[in-house]
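Okay, input.cif is below, mmCIF, C-alpha atoms:
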data_model
loop_
_atom_site.label_atom_id
_atom_site.label_comp_id
_atom_site.auth_asym_id
_atom_site.auth_seq_id
_atom_site.Cartn_x
_atom_site.Cartn_y
_atom_site.Cartn_z
CA MET A 1 -25.39 -4.58 25.95
CA ARG A 2 -27.81 -5.57 23.22
CA ALA A 3 -26.35 -7.85 20.54
CA ARG A 4 -25.48 -6.27 17.22
CA SER A 5 -27.18 -8.32 14.52
CA VAL A 6 -24.94 -9.17 11.57
CA VAL A 7 -26.88 -10.46 8.57
CA ILE A 8 -24.80 -12.21 5.91
CA VAL A 9 -26.52 -12.59 2.55
CA LEU A 10 -26.21 -15.99 0.86
CA TYR A 11 -27.02 -16.75 -2.77
CA GLU A 12 -26.13 -19.27 -5.46
CA GLY A 13 -22.48 -18.98 -6.51
CA VAL A 14 -21.38 -16.98 -3.45
CA GLN A 15 -17.67 -17.07 -2.55
CA SER A 16 -17.32 -19.23 0.57
CA LEU A 17 -14.36 -17.37 2.11
CA ASP A 18 -16.20 -14.06 1.71
CA VAL A 19 -18.85 -15.58 3.97
CA THR A 20 -16.81 -17.56 6.49
CA GLY A 21 -13.95 -15.08 6.99
CA PRO A 22 -16.05 -12.19 8.37
CA LEU A 23 -18.40 -14.68 10.07
CA GLU A 24 -15.50 -16.12 12.11
CA VAL A 25 -14.38 -12.62 13.09
CA PHE A 26 -17.80 -11.54 14.36
CA ALA A 27 -18.57 -14.92 15.95
CA GLY A 28 -15.29 -14.87 17.89
CA ALA A 29 -15.42 -11.22 18.90
CA GLY A 30 -17.83 -11.64 21.80
CA ALA A 31 -15.67 -14.27 23.46
CA ALA A 32 -12.51 -12.28 22.80
CA ALA A 33 -13.97 -9.18 24.42
CA ARG A 34 -15.51 -11.25 27.24
CA ARG A 35 -18.89 -10.01 26.08
CA PRO A 36 -20.85 -13.11 25.07
CA GLY A 37 -23.57 -12.18 22.65
CA ALA A 38 -21.87 -9.02 21.42
CA TYR A 39 -22.88 -10.08 17.91
CA GLU A 40 -25.72 -12.21 16.65
CA VAL A 41 -24.67 -13.55 13.25
CA VAL A 42 -27.44 -14.68 10.92
CA THR A 43 -27.00 -16.09 7.42
CA ALA A 44 -30.00 -15.64 5.13
CA SER A 45 -30.91 -16.59 1.57
CA PRO A 46 -33.98 -16.25 -0.67
CA GLY A 47 -36.63 -18.49 0.87
CA GLY A 48 -34.09 -19.76 3.40
CA ALA A 49 -32.98 -22.32 0.83
CA ALA A 50 -29.57 -23.97 0.85
CA VAL A 51 -27.07 -22.49 -1.60
CA ARG A 52 -23.98 -23.83 -3.31
CA THR A 53 -20.85 -21.69 -3.31
CA CYS A 54 -18.72 -21.14 -6.39
CA SER A 55 -16.31 -23.80 -5.07
CA GLY A 56 -19.12 -26.33 -4.61
CA LEU A 57 -19.53 -26.06 -0.84
CA ARG A 58 -23.18 -26.33 0.22
CA LEU A 59 -24.35 -23.80 2.83
CA LEU A 60 -27.57 -24.03 4.85
CA PRO A 61 -28.69 -20.54 5.96
CA ASP A 62 -30.37 -19.64 9.23
CA ALA A 63 -33.21 -17.61 7.76
CA ASP A 64 -35.21 -16.38 4.81
CA LEU A 65 -34.02 -12.96 3.55
CA ALA A 66 -37.64 -11.80 3.50
CA GLU A 67 -38.09 -12.59 7.21
CA VAL A 68 -34.91 -11.12 8.68
CA GLY A 69 -35.52 -8.98 11.76
CA PRO A 70 -33.53 -5.94 12.93
CA VAL A 71 -30.23 -5.43 11.14
CA HIS A 72 -27.21 -3.69 12.60
CA THR A 73 -24.65 -4.75 9.96
CA LEU A 74 -25.70 -6.05 6.54
CA LEU A 75 -22.86 -7.95 4.85
CA VAL A 76 -22.95 -8.91 1.17
CA PRO A 77 -20.24 -11.36 0.05
CA GLY A 78 -18.91 -11.59 -3.49
CA GLY A 79 -19.73 -14.27 -5.99
CA GLU A 80 -18.34 -16.14 -8.95
CA SER A 81 -16.46 -13.90 -11.42
CA GLY A 82 -18.50 -10.86 -10.45
CA VAL A 83 -21.76 -12.37 -11.74
CA LEU A 84 -24.74 -10.71 -10.05
CA PRO A 85 -27.22 -12.83 -8.10
CA ASP A 86 -30.82 -12.74 -9.29
CA ALA A 87 -32.95 -9.63 -8.99
CA ALA A 88 -34.73 -10.91 -5.87
CA VAL A 89 -31.44 -10.90 -3.95
CA VAL A 90 -30.61 -7.38 -5.11
CA ALA A 91 -34.08 -6.19 -4.10
CA ALA A 92 -33.76 -7.84 -0.68
CA VAL A 93 -30.39 -6.19 -0.14
CA ARG A 94 -31.85 -2.81 -1.06
CA GLU A 95 -34.71 -3.26 1.42
CA LEU A 96 -32.50 -4.53 4.27
CA ALA A 97 -29.93 -1.78 3.69
CA GLY A 98 -32.65 0.80 4.26
CA ARG A 99 -32.94 -0.26 7.90
CA ALA A 100 -29.34 -1.30 8.60
CA GLU A 101 -26.90 0.83 10.58
CA ARG A 102 -23.99 -0.41 8.46
CA VAL A 103 -23.82 -1.90 4.99
CA VAL A 104 -20.73 -3.90 4.07
CA SER A 105 -19.56 -5.72 0.96
CA VAL A 106 -16.69 -8.14 0.47
CA CYS A 107 -14.90 -8.47 -2.88
CA THR A 108 -17.42 -8.43 -5.76
CA GLY A 109 -20.29 -7.98 -3.34
CA ALA A 110 -19.74 -4.33 -4.25
CA PHE A 111 -21.50 -5.07 -7.55
CA VAL A 112 -24.62 -6.10 -5.62
CA LEU A 113 -24.54 -2.88 -3.59
CA ALA A 114 -24.02 -0.85 -6.76
CA GLU A 115 -26.86 -2.63 -8.58
CA ALA A 116 -29.10 -1.85 -5.59
CA GLY A 117 -28.17 1.85 -5.91
CA LEU A 118 -26.37 1.88 -2.55
CA LEU A 119 -23.02 3.11 -3.90
CA ASP A 120 -24.25 6.02 -6.02
CA GLY A 121 -22.12 9.06 -5.24
CA ARG A 122 -19.94 7.05 -2.87
CA ARG A 123 -16.30 6.00 -2.90
CA ALA A 124 -15.88 2.22 -3.02
CA THR A 125 -13.49 -0.57 -3.86
CA THR A 126 -13.57 -4.24 -4.85
CA HIS A 127 -11.09 -6.93 -5.90
CA TRP A 128 -8.40 -5.29 -8.04
CA ALA A 129 -9.29 -7.50 -11.02
CA TYR A 130 -12.86 -6.12 -11.11
CA CYS A 131 -12.37 -2.43 -10.29
CA GLU A 132 -12.40 -1.38 -13.93
CA ALA A 133 -15.59 -3.33 -14.61
CA LEU A 134 -17.28 -1.83 -11.54
CA ALA A 135 -16.39 1.70 -12.67
CA GLU A 136 -17.59 1.06 -16.23
CA ARG A 137 -20.86 -0.59 -15.23
CA TYR A 138 -21.72 1.95 -12.52
CA PRO A 139 -20.35 5.38 -13.49
CA GLY A 140 -22.03 6.96 -10.46
CA VAL A 141 -19.63 5.10 -8.15
CA GLU A 142 -16.19 6.55 -7.36
CA VAL A 143 -14.12 3.37 -7.62
CA ASP A 144 -10.73 3.40 -5.88
CA PRO A 145 -8.69 0.34 -6.96
CA ASP A 146 -5.90 0.72 -4.40
CA PRO A 147 -7.16 0.36 -0.80
CA ILE A 148 -8.05 -2.98 0.76
CA HIS A 149 -11.19 -1.45 2.20
CA VAL A 150 -13.03 1.86 1.98
CA ARG A 151 -15.53 3.46 4.35
CA ASP A 152 -17.90 6.11 3.04
CA GLY A 153 -20.48 7.05 5.63
CA HIS A 154 -22.29 3.94 6.84
CA VAL A 155 -21.25 1.93 3.75
CA ALA A 156 -17.98 -0.03 3.67
CA THR A 157 -16.55 -2.04 0.78
CA SER A 158 -13.50 -4.29 0.70
CA ALA A 159 -11.12 -5.84 -1.79
CA GLY A 160 -10.69 -9.54 -2.51
CA VAL A 161 -11.46 -12.39 -0.12
CA THR A 162 -9.06 -11.98 2.85
CA ALA A 163 -9.61 -8.21 2.83
CA GLY A 164 -13.09 -9.03 4.15
CA ILE A 165 -11.41 -10.29 7.32
CA ASP A 166 -9.47 -7.03 7.61
CA LEU A 167 -12.66 -5.01 7.26
CA ALA A 168 -14.51 -7.18 9.79
CA LEU A 169 -11.64 -6.70 12.27
CA ALA A 170 -11.80 -2.94 11.71
CA LEU A 171 -15.54 -2.98 12.48
CA VAL A 172 -14.99 -5.06 15.63
CA GLU A 173 -12.34 -2.58 16.74
CA GLU A 174 -14.82 0.24 16.15
CA ASP A 175 -17.52 -1.54 18.17
CA LEU A 176 -15.61 -3.27 20.96
CA GLY A 177 -12.15 -1.71 21.01
CA ARG A 178 -8.70 -2.59 19.77
CA GLU A 179 -8.01 -5.25 22.38
CA ALA A 180 -11.01 -7.32 21.29
CA ALA A 181 -10.04 -7.08 17.64
CA LEU A 182 -6.43 -7.97 18.48
CA LEU A 183 -7.49 -11.10 20.36
CA VAL A 184 -9.69 -12.23 17.46
CA ALA A 185 -6.87 -11.59 14.98
CA ARG A 186 -4.39 -13.60 17.04
CA HIS A 187 -6.87 -16.45 17.37
CA LEU A 188 -7.32 -16.52 13.59
CA VAL A 189 -3.54 -16.13 13.12
CA VAL A 190 -3.91 -12.97 11.04
CA PHE A 191 -2.34 -9.58 11.48
CA LEU A 192 -4.19 -6.78 13.20
CA ARG A 193 -4.72 -5.04 11.15
CA ARG A 194 -4.01 -3.96 7.61
CA PRO A 195 -5.21 -0.35 7.47
CA GLY A 196 -7.93 0.27 4.92
CA ASN A 197 -5.80 2.65 2.88
CA GLN A 198 -3.05 0.08 2.47
CA ALA A 199 -2.54 -0.79 -1.18
CA GLN A 200 -3.85 -4.09 -2.47
CA PHE A 201 -0.63 -6.08 -2.79
CA SER A 202 -2.34 -8.13 -5.47
CA THR A 203 -1.88 -5.20 -7.82
CA GLN A 204 1.72 -6.36 -8.14
CA LEU A 205 0.50 -9.86 -8.95
CA ALA A 206 -1.41 -8.42 -11.91
CA ALA A 207 1.91 -8.07 -13.74
CA GLN A 208 2.17 -10.66 -16.49
CA VAL A 209 4.97 -13.11 -17.19
CA ALA A 210 6.72 -12.06 -20.37
CA SER A 211 6.37 -14.37 -23.36
CA ARG A 212 9.97 -13.99 -24.51
CA GLN A 213 12.59 -15.99 -22.63
CA PRO A 214 15.11 -13.12 -22.23
CA LEU A 215 12.47 -10.92 -20.60
CA ARG A 216 11.32 -13.77 -18.34
CA GLU A 217 14.93 -14.19 -17.24
CA VAL A 218 15.10 -10.48 -16.45
CA GLN A 219 11.95 -10.78 -14.33
CA ARG A 220 13.50 -13.68 -12.43
CA TRP A 221 16.75 -11.72 -11.93
CA ILE A 222 14.87 -8.71 -10.54
CA ALA A 223 13.00 -10.91 -8.02
CA GLU A 224 16.18 -12.65 -6.88
CA HIS A 225 18.41 -9.55 -6.75
CA PRO A 226 16.41 -6.52 -5.55
CA GLU A 227 19.65 -5.00 -4.24
CA ALA A 228 21.34 -5.02 -7.66
CA ASP A 229 21.61 -2.29 -10.28
CA LEU A 230 18.15 -2.59 -11.85
CA SER A 231 18.33 0.39 -14.15
CA VAL A 232 16.81 0.09 -17.61
CA GLU A 233 20.31 0.17 -19.10
CA GLU A 234 21.52 -2.74 -16.97
CA LEU A 235 18.37 -4.80 -17.47
CA ALA A 236 18.51 -4.14 -21.20
CA ARG A 237 22.10 -5.39 -21.27
CA ARG A 238 21.01 -8.62 -19.58
CA SER A 239 18.30 -9.13 -22.16
CA THR A 240 20.68 -8.28 -25.05
CA LEU A 241 18.33 -5.53 -26.23
CA SER A 242 18.85 -1.81 -26.59
CA PRO A 243 17.47 0.20 -23.64
CA ARG A 244 14.73 1.72 -25.77
CA HIS A 245 13.69 -1.63 -27.29
CA PHE A 246 13.85 -3.33 -23.88
CA ALA A 247 11.69 -0.70 -22.14
CA ARG A 248 9.07 -0.86 -24.89
CA ALA A 249 9.03 -4.69 -25.04
CA PHE A 250 8.95 -5.10 -21.26
CA ALA A 251 5.99 -2.73 -20.85
CA ALA A 252 4.11 -4.42 -23.69
CA GLU A 253 4.61 -7.97 -22.39
CA VAL A 254 4.56 -7.45 -18.62
CA GLY A 255 1.94 -4.71 -18.50
CA VAL A 256 3.96 -2.19 -16.46
CA THR A 257 7.13 -0.22 -17.10
CA PRO A 258 10.44 -1.68 -15.88
CA GLY A 259 10.70 1.07 -13.26
CA ARG A 260 7.28 0.34 -11.75
CA TYR A 261 7.96 -3.39 -11.81
CA VAL A 262 11.26 -2.92 -9.95
CA ASP A 263 9.56 -0.62 -7.42
CA GLY A 264 6.95 -3.29 -6.71
CA ILE A 265 9.48 -6.09 -6.31
CA ARG A 266 11.63 -4.02 -3.93
CA LEU A 267 8.62 -2.99 -1.86
CA GLU A 268 7.46 -6.59 -1.59
CA ALA A 269 10.95 -7.77 -0.58
CA ALA A 270 11.25 -5.08 2.09
CA ARG A 271 7.76 -5.78 3.37
CA ARG A 272 8.54 -9.49 3.83
CA ARG A 273 11.79 -8.73 5.66
CA LEU A 274 10.03 -6.35 8.02
CA GLU A 275 7.46 -9.05 8.79
CA ASP A 276 9.77 -12.06 8.98
CA THR A 277 13.15 -10.87 10.30
CA ASP A 278 14.72 -8.79 13.07
CA GLU A 279 16.88 -6.86 10.60
CA GLY A 280 17.07 -3.11 11.08
CA VAL A 281 15.51 -0.68 8.63
CA GLU A 282 18.93 0.46 7.38
CA GLU A 283 20.00 -3.12 6.63
CA ILE A 284 16.71 -3.91 4.90
CA ALA A 285 16.89 -0.72 2.84
CA ARG A 286 20.36 -1.64 1.63
CA SER A 287 19.53 -5.31 0.90
CA CYS A 288 16.37 -4.37 -1.03
CA GLY A 289 18.00 -1.78 -3.26
CA TYR A 290 16.77 1.43 -1.65
CA GLY A 291 20.22 2.66 -0.72
CA THR A 292 19.09 4.74 2.25
CA PRO A 293 16.43 4.32 4.95
CA GLU A 294 14.89 7.62 3.84
CA ALA A 295 14.38 6.33 0.29
CA MET A 296 12.69 3.24 1.67
CA ARG A 297 10.56 5.34 4.02
CA ARG A 298 9.32 7.46 1.11
CA ALA A 299 8.45 4.35 -0.89
CA PHE A 300 6.47 2.85 2.01
CA VAL A 301 4.57 6.04 2.76
CA ARG A 302 3.72 6.52 -0.91
CA ALA A 303 2.52 2.94 -1.48
CA LEU A 304 1.29 1.80 1.93
CA ALA A 305 0.56 5.05 3.79
CA ALA A 306 2.81 3.90 6.64
CA PRO A 307 6.58 4.25 7.25
CA PRO A 308 8.59 1.02 7.70
CA ALA A 309 8.67 1.10 11.52
CA GLU A 310 4.92 1.60 11.71
CA TYR A 311 4.36 -1.13 9.11
CA ARG A 312 6.43 -3.57 11.17
CA ARG A 313 4.51 -2.68 14.31
CA ARG A 314 1.19 -3.36 12.61
CA PHE A 315 2.02 -6.50 10.71
CA ARG A 316 4.61 -8.44 12.61
CA PRO A 317 2.89 -10.95 14.89
CA ALA A 318 3.33 -10.18 18.57
CA PRO A 319 5.17 -12.91 20.51
CA ASP A 320 3.07 -15.02 22.82
CA PRO A 321 3.43 -14.09 26.50
CA PRO A 322 5.53 -16.50 28.60
CA GLY A 323 3.53 -19.62 29.24
CA GLY A 324 0.74 -18.39 26.92
CA HIS A 325 -0.87 -20.04 23.93
#
Just give me the structure as structure tokens.
Amino acid sequence: MRARSVVIVLYEGVQSLDVTGPLEVFAGAGAAARRPGAYEVVTASPGGAAVRTCSGLRLLPDADLAEVGPVHTLLVPGGESGVLPDAAVVAAVRELAGRAERVVSVCTGAFVLAEAGLLDGRRATTHWAYCEALAERYPGVEVDPDPIHVRDGHVATSAGVTAGIDLALALVEEDLGREAALLVARHLVVFLRRPGNQAQFSTQLAAQVASRQPLREVQRWIAEHPEADLSVEELARRSTLSPRHFARAFAAEVGVTPGRYVDGIRLEAARRRLEDTDEGVEEIARSCGYGTPEAMRRAFVRALAAPPAEYRRRFRPAPDPPGGH
């Protein structure tokens, strides 16, 4: 089998994990599938010059972008705060994409693809914090802020940093089969695999900490007691505000309504219990405030596109075989 060439674009200010995460997946896939040479990974920069990542790490590429040979998968990592690399990098990406079988971006690398005209008329995603900016800057792109990665034809885009690993695993599974991707995931101690349509959990992290002490205390109470009565009336009583005043103040200071905030906290609590414990779905539903397994199932399907049992199957690490490593 001829090696699939994976070209990773390097430039000044690139995000190091956007580079090394997918690189480790592709580099390890051949060994995992017992197919040495399944992928040939090449890093390339303008002129082949060394680049410094946004965290200060210095990377020495394998090649000059202008001299890269055949490309199976072109991968464009994100950079510092969504700042575009210089025009020469964008032009090189546009040229290489024209002869690549797959074009992939990680995090804010989607901005590079969009600037090169490669996302026009396509559905795409990026890090949740930059989705709005991507949609505003490139109105021809259908930006979906929820999934961790999106595939539209031969172009795939992913959310922030670690989502690039998820996307790389999905591509390995497509190329070499599930078993190969599973072995790589276990070697990297990551889950195989978050489905692309799974919501970016970081959306919950976008909620702000309230400035007023009583509202901060309510936020803490919600996180510590997902099983409690978390109605607006009860939360308002805890904050010594009227329900109407509380709902308005909470939304203004936290950035989401009390109901949506509670939904997110309960979902996160249930998700962690499914991953970390042997508790049954009924017990988890009760301890996380859902009341019934059916209510919890609806919440998971709506937010994560997978019922609790399927979520646990996908994300709970498989035990090592007896005597294995």
Could you work out how far atom CA of A:Ala223 lies from atom CA of A:Glu282, giving the answer in Å with one decimal? 20.0 Å
Pull out every residue that the PyMOL selection byres ((chain A and resi 225) around 10) matches in the shown coordinates and put them as a list in words.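 Selection result, ordered by chain and number: Arg220, Trp221, Ile222, Ala223, Glu224, Pro226, Glu227, Ala228, Asp229, Leu230, Ile265, Arg266, Ala269, Ser287, Cys288 and Gly289 of chain A.
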Please provide the set of residues having any atom within 8 Å of stretch 82-96 of chain A, restricted to all atoms listed in the file, with same-chain residues fewer than 5 positions apart removed, written as a PyMOL selection string. chain A and resi 9+11-13+45-46+65-66+71+74+108-109+111-113+115-118+130
For C-alpha atoms, I'd like the residues from the last selection saved as a PDB file, in the coordinates of the input.
ATOM      1  CA  VAL A   9     -26.520 -12.590   2.550  1.00  0.00           C
ATOM      2  CA  TYR A  11     -27.020 -16.750  -2.770  1.00  0.00           C
ATOM      3  CA  GLU A  12     -26.130 -19.270  -5.460  1.00  0.00           C
ATOM      4  CA  GLY A  13     -22.480 -18.980  -6.510  1.00  0.00           C
ATOM      5  CA  SER A  45     -30.910 -16.590   1.570  1.00  0.00           C
ATOM      6  CA  PRO A  46     -33.980 -16.250  -0.670  1.00  0.00           C
ATOM      7  CA  LEU A  65     -34.020 -12.960   3.550  1.00  0.00           C
ATOM      8  CA  ALA A  66     -37.640 -11.800   3.500  1.00  0.00           C
ATOM      9  CA  VAL A  71     -30.230  -5.430  11.140  1.00  0.00           C
ATOM     10  CA  LEU A  74     -25.700  -6.050   6.540  1.00  0.00           C
ATOM     11  CA  THR A 108     -17.420  -8.430  -5.760  1.00  0.00           C
ATOM     12  CA  GLY A 109     -20.290  -7.980  -3.340  1.00  0.00           C
ATOM     13  CA  PHE A 111     -21.500  -5.070  -7.550  1.00  0.00           C
ATOM     14  CA  VAL A 112     -24.620  -6.100  -5.620  1.00  0.00           C
ATOM     15  CA  LEU A 113     -24.540  -2.880  -3.590  1.00  0.00           C
ATOM     16  CA  GLU A 115     -26.860  -2.630  -8.580  1.00  0.00           C
ATOM     17  CA  ALA A 116     -29.100  -1.850  -5.590  1.00  0.00           C
ATOM     18  CA  GLY A 117     -28.170   1.850  -5.910  1.00  0.00           C
ATOM     19  CA  LEU A 118     -26.370   1.880  -2.550  1.00  0.00           C
ATOM     20  CA  TYR A 130     -12.860  -6.120 -11.110  1.00  0.00           C
TER      21      TYR A 130
END
Nearest to A:Ala305 by atom-to-atom distance, counting only C-alpha atoms, from A:Ser231, A:Pro147, A:Ser105, A:Arg123: A:Pro147
Check what the PyMOL selection byres ((chain A and resi 162) around 10) selects in the file above and give those residues as a VMD selection string. chain A and resid 17 to 18 21 to 22 106 to 107 148 158 to 161 163 to 167 190
Run the PyMOL selection byres ((chain A and resi 258) around 10) against the file shown and list the residues it catches, as JSON, numbers by chain. {"A": [218, 219, 222, 230, 231, 232, 235, 236, 246, 247, 248, 249, 250, 251, 254, 255, 256, 257, 259, 260, 261, 262, 263, 264]}
Which residue of A:Ala285, A:Ala306, A:Val184, A:Val42 approaches A:Gly28 most closely, using only C-alpha atoms: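 Of all the options, A:Val184 lies closest to A:Gly28.
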Could you jot down the atom CA of A:Pro61 to atom CA of A:Arg102 separation for me, Å, one decimal place?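 Distance between the two atoms: 20.8 Å.
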Which value, in Å to one decimal, gives the distance between atom CA of A:Ser5 and atom CA of A:Gly47? 19.5 Å
So that I can see what lies close to A:Thr292, please list as a PyMOL selection string the residues with an atom at most 10 Å from it, counting all atoms listed in the file and leaving out residues fewer than 4 positions away in the same chain. chain A and resi 281-286+296-297
A:Arg302, A:Arg238, A:Arg312, A:Arg4 ranked by distance to A:Glu279, top pick (using only C-alpha atoms):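 Going through A:Arg302, A:Arg238, A:Arg312, A:Arg4 one by one, the smallest distance to A:Glu279 is for A:Arg312.
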Residue nearest A:Ser239 - candidates A:Val141, A:Ala299, A:Leu215, A:Val172, atoms counted: only C-alpha atoms: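 The shortest atom-to-atom distance to A:Ser239 comes from A:Leu215.
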Find, counting all atoms listed in the file, the residue in A:Glu173, A:Ala129, A:Cys54, A:Asp120 that gets nearest to A:Val25.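 The shortest atom-to-atom distance to A:Val25 comes from A:Glu173.
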